[in-house]
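Asker: This is target-v8.cif (mmCIF, C-alpha atoms).
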```cif
data_my_file
loop_
_atom_site.group_PDB
_atom_site.id
_atom_site.type_symbol
_atom_site.label_atom_id
_atom_site.label_comp_id
_atom_site.auth_asym_id
_atom_site.auth_seq_id
_atom_site.Cartn_x
_atom_site.Cartn_y
_atom_site.Cartn_z
ATOM 1 C CA MET H 432 62.092 122.486 103.360
ATOM 2 C CA ASN H 433 63.788 123.980 106.396
ATOM 3 C CA ASP H 434 63.894 127.721 107.083
ATOM 4 C CA SER H 435 66.495 127.386 109.826
ATOM 5 C CA ARG H 436 69.311 125.097 110.765
ATOM 6 C CA ASN H 437 68.397 121.458 111.107
ATOM 7 C CA ASP H 438 70.993 119.081 112.477
ATOM 8 C CA ASP H 439 69.167 115.941 111.338
ATOM 9 C CA SER H 440 71.028 113.716 108.924
ATOM 10 C CA PRO H 441 69.940 114.005 105.295
ATOM 11 C CA CYS H 442 69.524 110.239 105.516
ATOM 12 C CA ASP H 443 66.073 109.945 107.046
ATOM 13 C CA GLY H 444 66.673 106.641 108.794
ATOM 14 C CA LEU H 445 65.263 104.503 105.981
ATOM 15 C CA LYS H 446 67.288 101.323 105.633
ATOM 16 C CA VAL H 447 68.152 99.505 102.441
ATOM 17 C CA ASP H 448 66.407 96.145 102.334
ATOM 18 C CA ARG H 449 69.347 93.925 101.462
ATOM 19 C CA SER H 450 67.079 91.057 100.440
ATOM 20 C CA LEU H 451 66.030 93.116 97.375
ATOM 21 C CA LEU H 452 69.540 93.862 96.095
ATOM 22 C CA GLN H 453 70.230 90.565 94.342
ATOM 23 C CA PRO H 454 66.804 90.355 92.642
ATOM 24 C CA LEU H 455 67.202 93.938 91.437
ATOM 25 C CA GLN H 456 70.614 93.164 89.957
ATOM 26 C CA GLU H 457 69.271 90.053 88.253
ATOM 27 C CA GLN H 458 66.420 91.985 86.670
ATOM 28 C CA LEU H 459 68.719 94.733 85.395
ATOM 29 C CA VAL H 460 71.235 92.267 83.986
ATOM 30 C CA ALA H 461 68.421 90.393 82.246
ATOM 31 C CA ARG H 462 67.014 93.592 80.747
ATOM 32 C CA PHE H 463 70.216 95.200 79.604
ATOM 33 C CA LEU H 464 72.987 92.613 79.322
ATOM 34 C CA SER H 465 71.452 89.233 78.513
ATOM 35 C CA ASP H 466 71.688 89.671 74.743
ATOM 36 C CA THR H 467 75.162 91.206 74.664
ATOM 37 C CA THR H 468 78.586 89.615 74.338
ATOM 38 C CA ASP H 469 81.278 89.763 77.003
ATOM 39 C CA GLN H 470 83.205 92.260 74.900
ATOM 40 C CA GLU H 471 80.127 94.461 74.494
ATOM 41 C CA ASN H 472 79.620 94.344 78.252
ATOM 42 C CA GLU H 473 83.203 95.445 78.799
ATOM 43 C CA GLU H 474 82.608 98.451 76.555
ATOM 44 C CA SER H 475 79.117 99.225 77.845
ATOM 45 C CA ILE H 476 78.631 102.421 79.823
ATOM 46 C CA ILE H 477 75.786 100.870 81.806
ATOM 47 C CA ALA H 478 77.132 97.372 82.538
ATOM 48 C CA PRO H 479 78.946 98.501 85.719
ATOM 49 C CA LEU H 480 75.762 100.085 87.100
ATOM 50 C CA CYS H 481 73.747 96.947 86.391
ATOM 51 C CA ARG H 482 75.961 95.212 88.958
ATOM 52 C CA ASP H 483 76.636 98.181 91.253
ATOM 53 C CA VAL H 484 75.241 97.592 94.745
ATOM 54 C CA GLY H 485 75.506 101.296 95.520
ATOM 55 C CA PHE H 486 73.321 102.160 92.526
ATOM 56 C CA HIS H 487 70.799 99.484 93.467
ATOM 57 C CA SER H 488 70.740 100.770 97.043
ATOM 58 C CA ARG H 489 70.104 104.349 95.950
ATOM 59 C CA CYS H 490 67.212 103.270 93.736
ATOM 60 C CA LEU H 491 65.668 101.279 96.577
ATOM 61 C CA LEU H 492 66.028 104.159 99.019
ATOM 62 C CA ALA H 493 64.578 106.627 96.530
ATOM 63 C CA ARG H 494 61.490 104.427 96.209
ATOM 64 C CA HIS H 495 61.228 103.408 99.889
ATOM 65 C CA ASN H 496 62.191 99.774 99.183
ATOM 66 C CA ASP H 497 59.305 99.254 96.787
ATOM 67 C CA PHE H 498 60.932 96.738 94.447
ATOM 68 C CA ASN H 499 58.844 97.419 91.344
ATOM 69 C CA LYS H 500 59.201 101.195 91.670
ATOM 70 C CA ALA H 501 62.953 100.863 92.252
ATOM 71 C CA LEU H 502 63.245 98.664 89.157
ATOM 72 C CA THR H 503 61.336 101.216 87.097
ATOM 73 C CA LEU H 504 63.588 104.001 88.384
ATOM 74 C CA ALA H 505 66.784 102.050 87.676
ATOM 75 C CA THR H 506 65.551 101.150 84.198
ATOM 76 C CA SER H 507 64.746 104.793 83.390
ATOM 77 C CA CYS H 508 68.156 105.884 84.618
ATOM 78 C CA LEU H 509 70.039 103.270 82.598
ATOM 79 C CA ARG H 510 68.101 103.963 79.414
ATOM 80 C CA TRP H 511 68.840 107.661 79.827
ATOM 81 C CA ARG H 512 72.530 106.920 80.284
ATOM 82 C CA GLN H 513 72.541 104.815 77.127
ATOM 83 C CA SER H 514 71.048 107.740 75.210
ATOM 84 C CA VAL H 515 72.895 110.729 76.708
ATOM 85 C CA GLN H 516 76.158 109.019 77.763
ATOM 86 C CA PRO H 517 76.793 111.576 80.531
ATOM 87 C CA SER H 518 80.175 110.104 81.436
ATOM 88 C CA ASN H 519 81.435 111.218 78.012
ATOM 89 C CA LEU H 520 80.216 114.821 78.247
ATOM 90 C CA THR H 521 82.679 117.694 77.984
ATOM 91 C CA THR H 522 82.277 121.420 78.582
ATOM 92 C CA HIS H 523 81.919 121.844 74.807
ATOM 93 C CA ASP H 524 78.547 120.103 75.124
ATOM 94 C CA PHE H 525 77.149 123.025 77.146
ATOM 95 C CA ALA H 526 79.419 125.875 76.061
ATOM 96 C CA THR H 527 76.814 128.646 76.227
ATOM 97 C CA ALA H 528 75.547 127.673 79.656
ATOM 98 C CA ASN H 529 79.093 127.259 80.947
ATOM 99 C CA SER H 530 80.147 130.691 79.682
ATOM 100 C CA GLN H 531 77.850 132.308 82.256
ATOM 101 C CA GLU H 532 80.207 131.174 85.046
ATOM 102 C CA CYS H 533 77.414 130.216 87.436
ATOM 103 C CA TYR H 534 78.910 127.044 88.863
ATOM 104 C CA GLU H 535 82.024 126.126 90.796
ATOM 105 C CA PHE H 536 83.391 122.982 92.405
ATOM 106 C CA ALA H 537 84.175 124.009 95.978
ATOM 107 C CA GLY H 538 86.142 121.084 97.342
ATOM 108 C CA HIS H 539 84.540 118.875 99.959
ATOM 109 C CA ALA H 540 82.352 119.455 102.973
ATOM 110 C CA LYS H 541 83.509 118.500 106.448
ATOM 111 C CA ASN H 542 81.846 115.093 106.086
ATOM 112 C CA GLY H 543 83.715 114.428 102.834
ATOM 113 C CA TRP H 544 80.868 115.042 100.404
ATOM 114 C CA PRO H 545 81.601 117.146 97.287
ATOM 115 C CA VAL H 546 80.300 120.724 97.119
ATOM 116 C CA ILE H 547 78.874 122.582 94.111
ATOM 117 C CA LEU H 548 78.371 126.346 94.408
ATOM 118 C CA VAL H 549 75.841 128.254 92.273
ATOM 119 C CA LYS H 550 75.807 132.011 91.633
ATOM 120 C CA SER H 551 72.133 132.336 90.721
ATOM 121 C CA HIS H 552 72.247 135.989 89.653
ATOM 122 C CA LYS H 553 74.513 135.055 86.730
ATOM 123 C CA TRP H 554 72.064 132.482 85.381
ATOM 124 C CA ASN H 555 70.339 133.524 82.155
ATOM 125 C CA PRO H 556 68.390 130.440 81.088
ATOM 126 C CA TRP H 557 66.997 132.063 77.948
ATOM 127 C CA LYS H 558 70.406 131.824 76.254
ATOM 128 C CA PHE H 559 70.463 128.015 75.976
ATOM 129 C CA SER H 560 68.130 125.053 75.567
ATOM 130 C CA VAL H 561 66.693 122.660 78.127
ATOM 131 C CA ALA H 562 68.808 119.895 76.574
ATOM 132 C CA GLU H 563 71.991 121.928 77.040
ATOM 133 C CA TYR H 564 71.056 122.625 80.653
ATOM 134 C CA GLU H 565 70.482 118.910 81.234
ATOM 135 C CA ARG H 566 73.957 118.204 79.888
ATOM 136 C CA GLN H 567 75.478 120.858 82.148
ATOM 137 C CA ILE H 568 73.839 119.556 85.337
ATOM 138 C CA SER H 569 74.691 115.977 84.389
ATOM 139 C CA PHE H 570 78.336 116.927 83.839
ATOM 140 C CA LEU H 571 78.499 118.578 87.263
ATOM 141 C CA ILE H 572 76.964 115.622 89.095
ATOM 142 C CA GLU H 573 79.110 113.131 87.169
ATOM 143 C CA HIS H 574 82.241 114.910 88.393
ATOM 144 C CA ALA H 575 80.840 115.240 91.906
ATOM 145 C CA GLU H 576 80.384 111.462 91.899
ATOM 146 C CA ARG H 577 84.008 111.000 90.853
ATOM 147 C CA ALA H 578 85.057 113.305 93.690
ATOM 148 C CA SER H 579 83.159 111.233 96.259
ATOM 149 C CA ASP H 580 84.633 108.760 98.714
ATOM 150 C CA PRO H 581 84.731 105.409 96.840
ATOM 151 C CA CYS H 582 84.226 103.633 100.152
ATOM 152 C CA ASP H 583 80.937 105.467 100.787
ATOM 153 C CA ALA H 584 78.456 103.772 98.445
ATOM 154 C CA LEU H 585 75.772 106.338 99.245
ATOM 155 C CA ALA H 586 77.907 109.480 99.183
ATOM 156 C CA ARG H 587 75.907 112.551 98.290
ATOM 157 C CA ALA H 588 76.667 116.144 97.342
ATOM 158 C CA TYR H 589 76.005 119.611 98.689
ATOM 159 C CA ILE H 590 74.552 122.144 96.240
ATOM 160 C CA ILE H 591 74.772 125.693 97.585
ATOM 161 C CA PHE H 592 72.741 128.364 95.766
ATOM 162 C CA ASP H 593 73.580 132.004 96.396
ATOM 163 C CA MET H 594 70.217 133.557 95.527
ATOM 164 C CA LYS H 595 71.268 137.190 95.935
ATOM 165 C CA GLY H 596 70.188 139.161 92.883
ATOM 166 C CA MET H 597 68.151 136.341 91.303
ATOM 167 C CA SER H 598 65.431 137.800 89.075
ATOM 168 C CA TYR H 599 61.933 136.599 88.293
ATOM 169 C CA LEU H 600 62.791 137.325 84.674
ATOM 170 C CA ASN H 601 65.323 134.470 84.756
ATOM 171 C CA SER H 602 62.959 131.916 86.269
ATOM 172 C CA ASP H 603 62.676 129.397 83.439
ATOM 173 C CA LEU H 604 60.325 126.777 84.867
ATOM 174 C CA ARG H 605 61.114 124.305 82.079
ATOM 175 C CA LYS H 606 64.729 124.169 83.141
ATOM 176 C CA LEU H 607 63.870 123.985 86.819
ATOM 177 C CA ARG H 608 61.626 121.026 86.041
ATOM 178 C CA GLN H 609 64.502 119.363 84.211
ATOM 179 C CA LEU H 610 66.840 120.087 87.125
ATOM 180 C CA ALA H 611 64.434 118.252 89.431
ATOM 181 C CA LYS H 612 64.261 115.305 87.035
ATOM 182 C CA VAL H 613 68.027 115.013 86.662
ATOM 183 C CA CYS H 614 68.550 115.085 90.424
ATOM 184 C CA THR H 615 65.778 112.643 91.339
ATOM 185 C CA VAL H 616 65.508 110.236 88.404
ATOM 186 C CA TYR H 617 68.853 110.198 86.608
ATOM 187 C CA TYR H 618 70.971 110.551 89.777
ATOM 188 C CA PRO H 619 68.786 109.137 92.575
ATOM 189 C CA GLU H 620 69.901 109.852 96.137
ATOM 190 C CA ARG H 621 72.899 111.945 95.067
ATOM 191 C CA ILE H 622 71.711 115.180 96.698
ATOM 192 C CA GLY H 623 72.587 115.366 100.367
ATOM 193 C CA TYR H 624 71.791 119.013 101.012
ATOM 194 C CA ALA H 625 70.426 121.745 98.765
ATOM 195 C CA ILE H 626 71.011 125.111 100.407
ATOM 196 C CA ALA H 627 69.582 128.433 99.246
ATOM 197 C CA CYS H 628 71.388 131.359 100.879
ATOM 198 C CA ASN H 629 70.407 135.040 100.723
ATOM 199 C CA ALA H 630 66.880 133.984 99.835
ATOM 200 C CA ASP H 631 64.114 136.431 99.005
ATOM 201 C CA ALA H 632 60.540 136.153 97.779
ATOM 202 C CA VAL H 633 61.742 134.827 94.401
ATOM 203 C CA THR H 634 63.377 131.857 96.098
ATOM 204 C CA TYR H 635 60.203 130.829 97.891
ATOM 205 C CA VAL H 636 58.135 131.125 94.718
ATOM 206 C CA LEU H 637 60.603 128.925 92.842
ATOM 207 C CA TRP H 638 60.709 126.386 95.655
ATOM 208 C CA LYS H 639 56.900 126.185 95.703
ATOM 209 C CA PHE H 640 57.104 125.112 92.055
ATOM 210 C CA ILE H 641 60.011 122.682 92.465
ATOM 211 C CA ALA H 642 59.024 120.983 95.740
ATOM 212 C CA PRO H 643 56.300 118.691 94.330
ATOM 213 C CA LEU H 644 58.699 117.521 91.612
ATOM 214 C CA VAL H 645 61.371 116.155 93.941
ATOM 215 C CA GLY H 646 59.416 114.244 96.584
ATOM 216 C CA LYS H 647 59.560 114.385 100.354
ATOM 217 C CA ARG H 648 62.988 112.791 100.761
ATOM 218 C CA ILE H 649 64.628 115.622 98.810
ATOM 219 C CA GLN H 650 62.293 118.238 100.264
ATOM 220 C CA ASP H 651 63.582 117.393 103.744
ATOM 221 C CA ARG H 652 67.157 118.085 102.584
ATOM 222 C CA VAL H 653 66.423 121.578 101.330
ATOM 223 C CA HIS H 654 67.318 124.504 103.602
ATOM 224 C CA ILE H 655 66.366 128.076 102.743
ATOM 225 C CA PHE H 656 68.045 130.940 104.560
ATOM 226 C CA ARG H 657 67.205 134.615 104.344
ATOM 227 C CA PRO H 658 70.141 137.069 104.186
ATOM 228 C CA GLY H 659 72.384 136.773 107.234
ATOM 229 C CA GLN H 660 70.856 133.505 108.490
ATOM 230 C CA HIS H 661 73.057 130.924 106.770
ATOM 231 C CA GLU H 662 76.351 131.551 108.598
ATOM 232 C CA ASP H 663 75.954 128.895 111.308
ATOM 233 C CA PHE H 664 75.000 126.206 108.798
ATOM 234 C CA ILE H 665 77.880 127.074 106.474
ATOM 235 C CA LYS H 666 80.410 127.041 109.312
ATOM 236 C CA GLU H 667 79.138 123.728 110.610
ATOM 237 C CA HIS H 668 79.141 121.897 107.294
ATOM 238 C CA LEU H 669 81.590 123.538 104.885
ATOM 239 C CA VAL H 670 85.234 124.596 104.707
ATOM 240 C CA ALA H 671 85.516 128.394 104.870
ATOM 241 C CA GLU H 672 88.643 128.471 102.681
ATOM 242 C CA ARG H 673 86.575 127.210 99.729
ATOM 243 C CA ILE H 674 83.590 129.558 100.167
ATOM 244 C CA PRO H 675 83.330 133.220 99.031
ATOM 245 C CA PRO H 676 82.643 136.026 101.531
ATOM 246 C CA SER H 677 79.041 136.393 100.355
ATOM 247 C CA LEU H 678 78.434 132.926 101.817
ATOM 248 C CA SER H 679 80.435 133.533 105.024
ATOM 249 C CA GLY H 680 83.650 132.072 103.615
ATOM 250 C CA THR H 681 87.183 133.415 103.358
ATOM 251 C CA VAL H 682 87.966 133.080 99.639
ATOM 252 C CA MET H 683 89.318 136.468 98.576
ATOM 253 C CA THR H 684 87.280 136.779 95.372
ATOM 254 C CA GLU H 685 83.664 136.486 94.349
ATOM 255 C CA GLU H 686 84.591 135.914 90.699
ATOM 256 C CA TRP H 687 84.698 132.387 89.329
ATOM 257 C CA PRO H 688 86.293 131.313 86.057
ATOM 258 C CA PRO H 689 84.299 129.048 83.752
ATOM 259 C CA ILE H 690 84.651 125.369 84.589
ATOM 260 C CA THR H 691 87.071 123.781 82.151
ATOM 261 C CA HIS H 692 87.438 120.078 81.514
ATOM 262 C CA GLU H 693 90.868 120.283 83.136
ATOM 263 C CA ILE H 694 89.353 121.783 86.288
ATOM 264 C CA ALA H 695 86.639 119.128 86.336
ATOM 265 C CA ASP H 696 89.098 116.269 85.786
ATOM 266 C CA ALA H 697 91.229 117.551 88.677
ATOM 267 C CA TYR H 698 88.229 117.486 91.017
ATOM 268 C CA LEU H 699 88.804 114.088 92.623
ATOM 269 C CA TRP H 700 88.469 112.336 95.937
ATOM 270 C CA ASP H 701 91.379 113.030 98.264
ATOM 271 C CA PRO H 702 92.035 110.121 100.654
ATOM 272 C CA SER H 703 93.337 112.599 103.224
ATOM 273 C CA ILE H 704 89.789 113.929 103.618
ATOM 274 C CA LYS H 705 88.255 112.445 106.728
ATOM 275 C CA SER H 706 84.754 111.494 105.683
ATOM 276 C CA THR H 707 82.367 111.266 108.595
ATOM 277 C CA ALA H 708 79.378 110.337 106.477
ATOM 278 C CA ALA H 709 77.398 107.605 108.153
ATOM 279 C CA VAL H 710 77.557 104.154 106.556
ATOM 280 C CA PRO H 711 73.978 103.390 105.447
ATOM 281 C CA ALA H 712 72.262 100.691 107.429
ATOM 282 C CA VAL H 713 70.715 97.672 105.761
ATOM 283 C CA VAL H 714 68.159 95.073 106.672
ATOM 284 C CA GLU H 715 69.847 91.710 106.794
ATOM 285 C CA SER H 716 68.245 88.958 104.771
#
```
As a first step, turn the structure in this file into structure tokens.

Answerer:
Amino acid sequence: MNDSRNDDSPCDGLKVDRSLLQPLQEQLVARFLSDTTDQENEESIIAPLCRDVGFHSRCLLARHNDFNKALTLATSCLRWRQSVQPSNLTTHDFATANSQECYEFAGHAKNGWPVILVKSHKWNPWKFSVAEYERQISFLIEHAERASDPCDALARAYIIFDMKGMSYLNSDLRKLRQLAKVCTVYYPERIGYAIACNADAVTYVLWKFIAPLVGKRIQDRVHIFRPGQHEDFIKEHLVAERIPPSLSGTVMTEEWPPITHEIADAYLWDPSIKSTAAVPAVVES
């Protein structure tokens, strides 16, 4: 966690060991696709990931190039996708959670990564189940992935939490635990920065609970700012025209409409965005 601005890259310098990519693909194909027909593979929601170098790279990075741990992570992720089918989720699958209007897609950061904004004071976790919350977070990250630069295999996302007004009474630790699991196991290496603005004592208590669940790589990407301390970071990383005034932006309203499927489907990568995200280094075989 960082209490002030840190200009270090969210990539901590760890390099993907390229010599492990092919063996990882072979193991995943053997586990998930060896007993299926070509037609079944065409229709499979996990077949593309079994052969996706970007996915393999993220699993290796998340487990510090430990092959067996990366294979276990990839297997868990693919089995979850088979069960939940997150790419097929719609807003109807988390209607109660979505009606609280906590989340917004806020375009792209200056480096081209997608941005998700969170109005924490609107969050009432007691109105919906852990499973519904998992579907909501999965839907948001799925669409953030689709809005990422297709040429950046390790593109990540910014998640900006406005903590002003957050109450202890709405601190559902079960859902926070599930949030950590979704972000670290089901979508490894998809979080570039997690920013908590207008933080108070509640924020630090919640972070103390969450931090052990996400591991050091994610911990180092978390920045917590007390009221009035986030402006420099926001200006450096984000586009003011997509950020509300409470977060030092210039959007004229603080009110967000519920995310509709039409809004989510329109949230796509724009080739005119100049992504400056560093291309991840690899270790040549």

Asker: Could you tell me how far CA of Lys541 (chain H) lies from CA of Val645 (chain H), in Å and to one decimal?

Answerer: 25.5 Å

Asker: Please return, as a list of chain:residue names, all polymer residues that have at least one atom within 10 Å of the point (63.0, 123.2, 84.7); use all atoms listed in the file and the file's own coordinate frame.

Answerer: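 Residues lying no farther than 10 Å from the given point: H:Pro556, H:Val561, H:Tyr564, H:Glu565, H:Ser602, H:Asp603, H:Leu604, H:Arg605, H:Lys606, H:Leu607, H:Arg608, H:Gln609, H:Leu610, H:Ala611, H:Lys612, H:Val613, H:Phe640, H:Ile641, H:Leu644.
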
Asker: Would you save the residues from that selection as a short mmCIF file (atom, residue, chain, number, x, y, z; two decimals), keeping the file's coordinate frame, using C-alpha atoms?

Answerer:
```cif
data_model
loop_
_atom_site.label_atom_id
_atom_site.label_comp_id
_atom_site.auth_asym_id
_atom_site.auth_seq_id
_atom_site.Cartn_x
_atom_site.Cartn_y
_atom_site.Cartn_z
CA PRO H 556 68.39 130.44 81.09
CA VAL H 561 66.69 122.66 78.13
CA TYR H 564 71.06 122.62 80.65
CA GLU H 565 70.48 118.91 81.23
CA SER H 602 62.96 131.92 86.27
CA ASP H 603 62.68 129.40 83.44
CA LEU H 604 60.32 126.78 84.87
CA ARG H 605 61.11 124.30 82.08
CA LYS H 606 64.73 124.17 83.14
CA LEU H 607 63.87 123.98 86.82
CA ARG H 608 61.63 121.03 86.04
CA GLN H 609 64.50 119.36 84.21
CA LEU H 610 66.84 120.09 87.12
CA ALA H 611 64.43 118.25 89.43
CA LYS H 612 64.26 115.30 87.04
CA VAL H 613 68.03 115.01 86.66
CA PHE H 640 57.10 125.11 92.06
CA ILE H 641 60.01 122.68 92.46
CA LEU H 644 58.70 117.52 91.61
#
```

Asker: Would you compute the distance between CA of Tyr617 (chain H) and CA of Phe559 (chain H)? Give it in Å to one decimal.

Answerer: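 Distance reported for this atom pair: 20.8 Å.
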
Asker: Could you tell me, as a PyMOL selection string, exactly which residues end up selected when the PyMOL selection byres ((chain H and resi 488-493) around 9) is applied to this structure?

Answerer: chain H and resi 445-449+451-452+483-487+494-498+500-502+504-505+584-585+615-616+618-621+648

Asker: Rounded to one decimal in Å, what is the spacing between CA of Glu672 (chain H) and CA of Ala537 (chain H)?

Answerer: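 Going from CA of Glu672 (chain H) over to CA of Ala537 (chain H) covers 9.2 Å.
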
Asker: So that I can see what lies close to Thr691 (chain H), please list as number ranges by chain the residues with an atom at most 12 Å from it, counting all atoms listed in the file and leaving out residues fewer than 2 positions away in the same chain.

Answerer: H: 520-526, 529-530, 532, 534-536, 567, 570-571, 574, 687-689, 693-698

Asker: For this structure, which residues satisfy the selection - the PyMOL selection byres ((chain H and resi 576) around 9) - when it is evaluated on the file as given? I want them as a VMD selection string.

Answerer: chain H and resid 545 571 to 575 577 to 581 586 to 588 621 699

Asker: Would you save the residues of that selection, restricted to C-alpha atoms, as a short mmCIF file (atom, residue, chain, number, x, y, z; two decimals), in the frame of the given file?

Answerer:
```cif
data_model
loop_
_atom_site.label_atom_id
_atom_site.label_comp_id
_atom_site.auth_asym_id
_atom_site.auth_seq_id
_atom_site.Cartn_x
_atom_site.Cartn_y
_atom_site.Cartn_z
CA PRO H 545 81.60 117.15 97.29
CA LEU H 571 78.50 118.58 87.26
CA ILE H 572 76.96 115.62 89.10
CA GLU H 573 79.11 113.13 87.17
CA HIS H 574 82.24 114.91 88.39
CA ALA H 575 80.84 115.24 91.91
CA ARG H 577 84.01 111.00 90.85
CA ALA H 578 85.06 113.30 93.69
CA SER H 579 83.16 111.23 96.26
CA ASP H 580 84.63 108.76 98.71
CA PRO H 581 84.73 105.41 96.84
CA ALA H 586 77.91 109.48 99.18
CA ARG H 587 75.91 112.55 98.29
CA ALA H 588 76.67 116.14 97.34
CA ARG H 621 72.90 111.94 95.07
CA LEU H 699 88.80 114.09 92.62
#
```

Asker: Starting from the shown file, work through the PyMOL selection byres ((chain H and resi 704) around 9) and note down what comes out as a VMD selection string.

Answerer: chain H and resid 539 541 to 543 580 700 to 703 705 to 706

Asker: For a quick check of understanding, using only C-alpha atoms, which of H:Phe592, H:Tyr599, H:Trp557, H:Tyr635 has the smallest distance to Ser677 (chain H)?

Answerer: H:Phe592

Asker: Using all atoms listed in the file for the distances, tell me which of H:Ile591, H:Leu509, H:Ile622, H:Ala642 is nearest to Ile476 (chain H).

Answerer: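 Under the stated criterion, the closest residue is H:Leu509.
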
Asker: Near Ile674 (chain H), counting all atoms listed in the file, which residues have an atom at most 12 Å away, once you skip same-chain residues fewer than 6 positions from it, shown as a PDB file with C-alpha atoms, keeping the file's coordinate frame?

Answerer:
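Wrote it out as selection12.pdb, contents follow:
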```
ATOM      1  CA  GLU H 535      82.024 126.126  90.796  1.00  0.00           C
ATOM      2  CA  PHE H 536      83.391 122.982  92.405  1.00  0.00           C
ATOM      3  CA  ALA H 537      84.175 124.009  95.978  1.00  0.00           C
ATOM      4  CA  GLY H 538      86.142 121.084  97.342  1.00  0.00           C
ATOM      5  CA  HIS H 539      84.540 118.875  99.959  1.00  0.00           C
ATOM      6  CA  ALA H 540      82.352 119.455 102.973  1.00  0.00           C
ATOM      7  CA  VAL H 546      80.300 120.724  97.119  1.00  0.00           C
ATOM      8  CA  ILE H 547      78.874 122.582  94.111  1.00  0.00           C
ATOM      9  CA  LEU H 548      78.371 126.346  94.408  1.00  0.00           C
ATOM     10  CA  VAL H 549      75.841 128.254  92.273  1.00  0.00           C
ATOM     11  CA  LYS H 550      75.807 132.011  91.633  1.00  0.00           C
ATOM     12  CA  ILE H 591      74.772 125.693  97.585  1.00  0.00           C
ATOM     13  CA  PHE H 592      72.741 128.364  95.766  1.00  0.00           C
ATOM     14  CA  ASP H 593      73.580 132.004  96.396  1.00  0.00           C
ATOM     15  CA  GLU H 662      76.351 131.551 108.598  1.00  0.00           C
ATOM     16  CA  ILE H 665      77.880 127.074 106.474  1.00  0.00           C
ATOM     17  CA  LYS H 666      80.410 127.041 109.312  1.00  0.00           C
ATOM     18  CA  HIS H 668      79.141 121.897 107.294  1.00  0.00           C
ATOM     19  CA  GLY H 680      83.650 132.072 103.615  1.00  0.00           C
ATOM     20  CA  THR H 681      87.183 133.415 103.358  1.00  0.00           C
ATOM     21  CA  VAL H 682      87.966 133.080  99.639  1.00  0.00           C
ATOM     22  CA  MET H 683      89.318 136.468  98.576  1.00  0.00           C
ATOM     23  CA  THR H 684      87.280 136.779  95.372  1.00  0.00           C
ATOM     24  CA  GLU H 685      83.664 136.486  94.349  1.00  0.00           C
ATOM     25  CA  GLU H 686      84.591 135.914  90.699  1.00  0.00           C
ATOM     26  CA  TRP H 687      84.698 132.387  89.329  1.00  0.00           C
TER      27      TRP H 687
END
```

Asker: Give the centre and edge lengths of an axis-aligned box, in Å to one decimal, that holds all listed atoms of region 565-577 of chain H with 8 Å on each side, as AutoDock Vina command-line options.

Answerer:
```
--center_x 77.2 --center_y 115.9 --center_z 85.9 --size_x 29.5 --size_y 25.9 --size_z 28.0
```

Asker: For Met594 (chain H), which residue out of H:Asn629, H:Gln516, H:Ser569, H:Thr503 is the nearest one, using only C-alpha atoms?

Answerer: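 Ranked by minimum distance to Met594 (chain H), first place goes to H:Asn629.
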
Asker: Write only N, CA and C atoms for region 582-593 of chain H from the block just shown, as a compact mmCIF listing (two decimals), in the first residue's frame.

Answerer:
```txt
# COMPACT_ATOMS: atom_id res chain seq x y z
N CYS H 582 -3.37 -4.98 -28.48
CA CYS H 582 -1.95 -5.18 -28.72
C CYS H 582 -1.13 -5.23 -27.43
N ASP H 583 -1.76 -4.95 -26.30
CA ASP H 583 -1.08 -4.98 -25.01
C ASP H 583 -1.57 -6.20 -24.26
N ALA H 584 -0.82 -7.31 -24.37
CA ALA H 584 -1.27 -8.59 -23.81
C ALA H 584 -1.44 -8.54 -22.30
N LEU H 585 -0.74 -7.62 -21.64
CA LEU H 585 -0.83 -7.52 -20.19
C LEU H 585 -1.49 -6.23 -19.74
N ALA H 586 -2.40 -5.71 -20.55
CA ALA H 586 -3.13 -4.50 -20.17
C ALA H 586 -3.88 -4.73 -18.86
N ARG H 587 -3.88 -3.72 -18.03
CA ARG H 587 -4.54 -3.80 -16.74
C ARG H 587 -5.62 -2.72 -16.65
N ALA H 588 -6.20 -2.57 -15.48
CA ALA H 588 -7.25 -1.58 -15.29
C ALA H 588 -6.98 -0.77 -14.04
N TYR H 589 -7.49 0.45 -14.04
CA TYR H 589 -7.54 1.29 -12.85
C TYR H 589 -8.90 1.10 -12.19
N ILE H 590 -8.91 0.91 -10.87
CA ILE H 590 -10.15 0.94 -10.10
C ILE H 590 -10.01 2.07 -9.08
N ILE H 591 -10.88 3.07 -9.19
CA ILE H 591 -10.80 4.25 -8.35
C ILE H 591 -11.99 4.24 -7.39
N PHE H 592 -11.72 4.12 -6.10
CA PHE H 592 -12.76 4.12 -5.07
C PHE H 592 -12.84 5.51 -4.44
N ASP H 593 -14.01 6.12 -4.51
CA ASP H 593 -14.26 7.34 -3.74
C ASP H 593 -14.85 6.89 -2.41
```
